[in-house]
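The structure appears below as structure tokens.
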There are 2 protein chains.
Amino acid sequence: MESSSTTPGGSARREATRQKLYEAAVTLIAEQGFSATTVDEIAERAGVAKGTVYYNFASKSVLFEELLRHGVGLLTASLRDAAETTAARGGSRVDALDAMIRAGLVFIDRYPAFTQLYVAELWRTNRAWQSTLMVVRQQAVAVVEEVLREGVANGEFSEEIDVPLTAAALVGMVLVAALDWRSFQPERSLDDVHAALSRLLQGRVSGRR
Amino acid sequence: MESSSTTPGGSARREATRQKLYEAAVTLIAEQGFSATTVDEIAERAGVAKGTVYYNFASKSVLFEELLRHGVGLLTASLRDAAETTAARGGSRVDALDAMIRAGLVFIDRYPAFTQLYVAELWRTNRAWQSTLMVVRQQAVAVVEEVLREGVANGEFSEEIDVPLTAAALVGMVLVAALDWRSFQPERSLDDVHAALSRLLQGRVSGRR
DNA sequence: GTTTTTGCACTGACCAGTCAGTTCAAAAAG
DNA sequence: CTTTTTGAACTGACTGGTCAGTGCAAAAAC
């Protein structure tokens, strides 16, 4: 089983170099943005010659696009796994959503730079990698939508909910809360943040306990 | 009463030019990002010579910072107004939150480019306007936090809620849902989106109606 | 012996910021 | 009322620097 669809015949050495380049690029682009990050910087941070970047990727944009696909692949796998594990243990759909919220938080905690970069680029228009972004967004949101749809089908969720909108809102809730957590209140624990979001999800905001 | 704090003695003509530059810059930067947008482009779209940009703003970054302050000023005013109007009419704090959600949606619908740009830049690190962003973020979130705190104080909300985290999550929910609405399902009406978010806020997701 | 990486010089496009000069409305002088 | 002066606002060609991408010979890894 090969990891990347765009490089079916990548040798182990090549794959390692590409991985180093992804890691260098993701932090730099998260901090500075795509245009403000130079290829020289990426090469330097990866500890690699500039020529190597172009030996492994056709261009700066292509490197970025493959980075996006790579990262979103990890995220969706993690969300799907959370949902399936919950279902296998006989949990409800609310439990599945809750597990996905936690999986999202864990992901963001582990790959904060990727998340930053993803949010920063997602709603841009007129960019070269626009179509890549659309695909990649749909992959992530679809996992949430599926759980919502199953919940509506089995009566666990109200039939009145708007599945695509609610899924987007839930994803946004987690994304923004997590980024805020990391940027502005890093002393909080993951459990704290998870608890706050669970409460919001389950409508336990109004009313005393 | 003068409008801008940074230009106390701005003539009417100057103010008009600055306004044109804001409008040109906000759409371009929302589409392309700060670094990918050139000063020449901004000047051209505003129908003004490049030199005029530098006559009115010390640098490209300063133009951007003042644009941020300008926009967030509009947003917070609108949120505060929604909260106060609700209170004046004897509404509950939940009503106030709901009114603020709607005000947020209306704002994003009216100034989509600004919202895009704000989200794209908010969590970046190592940028020149970092401190401006912190201030500006706090202004917006603080309005929501205040309503939550009042609600906790008068018993309308659970004492268990984490005010800063919940406020961030709510803001994120509205931001992301609205951006998604505009980007991916623009045929939806504002009322649709508002209804979906209200339902989420009031925990009316689980259970049949 | 083939694949991958290195190092480094080079090019051409692009771009932030500058500056000497122009415009024009309104104030001052006649 | 007419002419002159003033200065804020604006113009756009120009500069110095930056950067994506190239080319290639030699070394290293496999």
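Residues in the structure tokens are named by chain (A, B, ... in the order shown) and by number from 1 within that chain; ligands are numbered from 1 in the order shown.
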Neighbours of DG30 of chain C within 9 Å (only C-alpha atoms (C1' of nucleotides); same-chain residues fewer than 5 positions away dropped), as a ChimeraX atom specification? /D:2-4
Can you spit out the residues from that selection as an mmCIF file, in the first residue's frame, using N, CA and C atoms (P, O5', C5', C4', C3', O3' and C1' of nucleotides)?
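The resulting file, out27.cif, is reproduced below:
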data_model
loop_
_atom_site.group_PDB
_atom_site.id
_atom_site.type_symbol
_atom_site.label_atom_id
_atom_site.label_comp_id
_atom_site.auth_asym_id
_atom_site.auth_seq_id
_atom_site.Cartn_x
_atom_site.Cartn_y
_atom_site.Cartn_z
ATOM 1 P P DT D 2 -14.538 89.353 -13.014
ATOM 2 O "O5'" DT D 2 -13.024 89.536 -12.635
ATOM 3 C "C5'" DT D 2 -12.341 90.747 -13.002
ATOM 4 C "C4'" DT D 2 -10.878 90.621 -12.650
ATOM 5 C "C3'" DT D 2 -10.202 89.348 -13.161
ATOM 6 O "O3'" DT D 2 -9.008 89.728 -13.828
ATOM 7 C "C1'" DT D 2 -9.814 89.620 -10.833
ATOM 8 P P DT D 3 -7.987 88.714 -14.450
ATOM 9 O "O5'" DT D 3 -6.902 88.695 -13.307
ATOM 10 C "C5'" DT D 3 -6.189 89.899 -12.979
ATOM 11 C "C4'" DT D 3 -5.177 89.593 -11.909
ATOM 12 C "C3'" DT D 3 -4.202 88.459 -12.239
ATOM 13 O "O3'" DT D 3 -2.883 88.915 -11.978
ATOM 14 C "C1'" DT D 3 -5.193 88.094 -10.133
ATOM 15 P P DT D 4 -1.604 88.028 -12.272
ATOM 16 O "O5'" DT D 4 -1.300 87.518 -10.797
ATOM 17 C "C5'" DT D 4 -1.064 88.484 -9.762
ATOM 18 C "C4'" DT D 4 -0.839 87.746 -8.455
ATOM 19 C "C3'" DT D 4 0.204 86.622 -8.531
ATOM 20 O "O3'" DT D 4 1.187 86.884 -7.540
ATOM 21 C "C1'" DT D 4 -1.777 85.871 -7.464
#
Restrict the distance test to only C-alpha atoms (C1' of nucleotides), flag each residue of chain D within 9 Å of chain A, and return the flagged residues as an mmCIF file with C-alpha atoms (C1' of nucleotides), in the first residue's frame.
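File result-v1.cif, as written:
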data_model
loop_
_atom_site.group_PDB
_atom_site.id
_atom_site.type_symbol
_atom_site.label_atom_id
_atom_site.label_comp_id
_atom_site.auth_asym_id
_atom_site.auth_seq_id
_atom_site.Cartn_x
_atom_site.Cartn_y
_atom_site.Cartn_z
ATOM 1 C "C1'" DC D 19 12.414 35.753 -5.606
ATOM 2 C "C1'" DA D 20 10.629 31.664 -8.530
ATOM 3 C "C1'" DG D 21 12.514 28.892 -11.380
#
Pick the closest to chain B from A:Gln32, A:Thr17, A:Asn56, A:Gln138: which is it, counting only C-alpha atoms? A:Gln32
Counting only C-alpha atoms, which residues from chain B have an atom at most 8 Å from any atom of chain A, and could you show them as number ranges by chain? B: 30-33, 35-36, 94, 116, 119-121, 123-127, 155-162, 165-166, 168-177, 179-181, 183, 193, 196-197, 199-209
When you get a sec, could you note down which chain C residues fall within 9 Å of chain B, using only C-alpha atoms (C1' of nucleotides), as a PyMOL selection string? chain C and resi 15-18
Take the residues that were just selected and, keeping N, CA and C atoms (P, O5', C5', C4', C3', O3' and C1' of nucleotides), output them as a compact mmCIF listing (two decimals), in the first residue's frame.
# COMPACT_ATOMS: atom_id res chain seq x y z
P DC C 15 3.82 41.69 -8.84
O5' DC C 15 4.32 42.35 -7.50
C5' DC C 15 5.47 41.86 -6.82
C4' DC C 15 6.06 42.97 -5.97
C3' DC C 15 5.12 44.16 -5.77
O3' DC C 15 5.24 44.58 -4.43
C1' DC C 15 7.15 44.91 -6.64
P DA C 16 3.97 45.30 -3.69
O5' DA C 16 4.72 46.10 -2.53
C5' DA C 16 5.62 45.39 -1.70
C4' DA C 16 6.65 46.35 -1.13
C3' DA C 16 6.09 47.61 -0.49
O3' DA C 16 6.89 47.92 0.64
C1' DA C 16 7.45 48.21 -2.35
P DG C 17 6.45 49.04 1.69
O5' DG C 17 7.20 50.31 1.12
C5' DG C 17 8.64 50.26 1.04
C4' DG C 17 9.13 51.41 0.20
C3' DG C 17 8.59 52.80 0.57
O3' DG C 17 9.71 53.63 0.87
C1' DG C 17 8.59 52.48 -1.77
P DT C 18 9.59 55.20 1.17
O5' DT C 18 10.17 55.86 -0.16
C5' DT C 18 11.41 55.39 -0.68
C4' DT C 18 11.82 56.29 -1.84
C3' DT C 18 11.68 57.80 -1.57
O3' DT C 18 12.85 58.41 -2.09
C1' DT C 18 10.49 57.23 -3.53
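Residue neighbourhood of DA26 of chain C, excluding near-sequence residues (fewer than 2 positions): DC24 and DA28 of chain C; DT6 of chain D, at 10 Å, using only C-alpha atoms (C1' of nucleotides).
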File of the preceding selection, C-alpha atoms (C1' of nucleotides), as an mmCIF file, in the first residue's frame:
data_model
loop_
_atom_site.group_PDB
_atom_site.id
_atom_site.type_symbol
_atom_site.label_atom_id
_atom_site.label_comp_id
_atom_site.auth_asym_id
_atom_site.auth_seq_id
_atom_site.Cartn_x
_atom_site.Cartn_y
_atom_site.Cartn_z
ATOM 1 C "C1'" DC C 24 -6.582 72.812 -8.281
ATOM 2 C "C1'" DA C 28 -4.918 86.618 0.215
ATOM 3 C "C1'" DT D 6 -0.293 78.839 -1.261
#
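Using only C-alpha atoms (C1' of nucleotides), the smallest distance between any of A:Ala103, A:Leu75, A:Val147, A:Ala49 and DC8 of chain C comes from A:Ala49.
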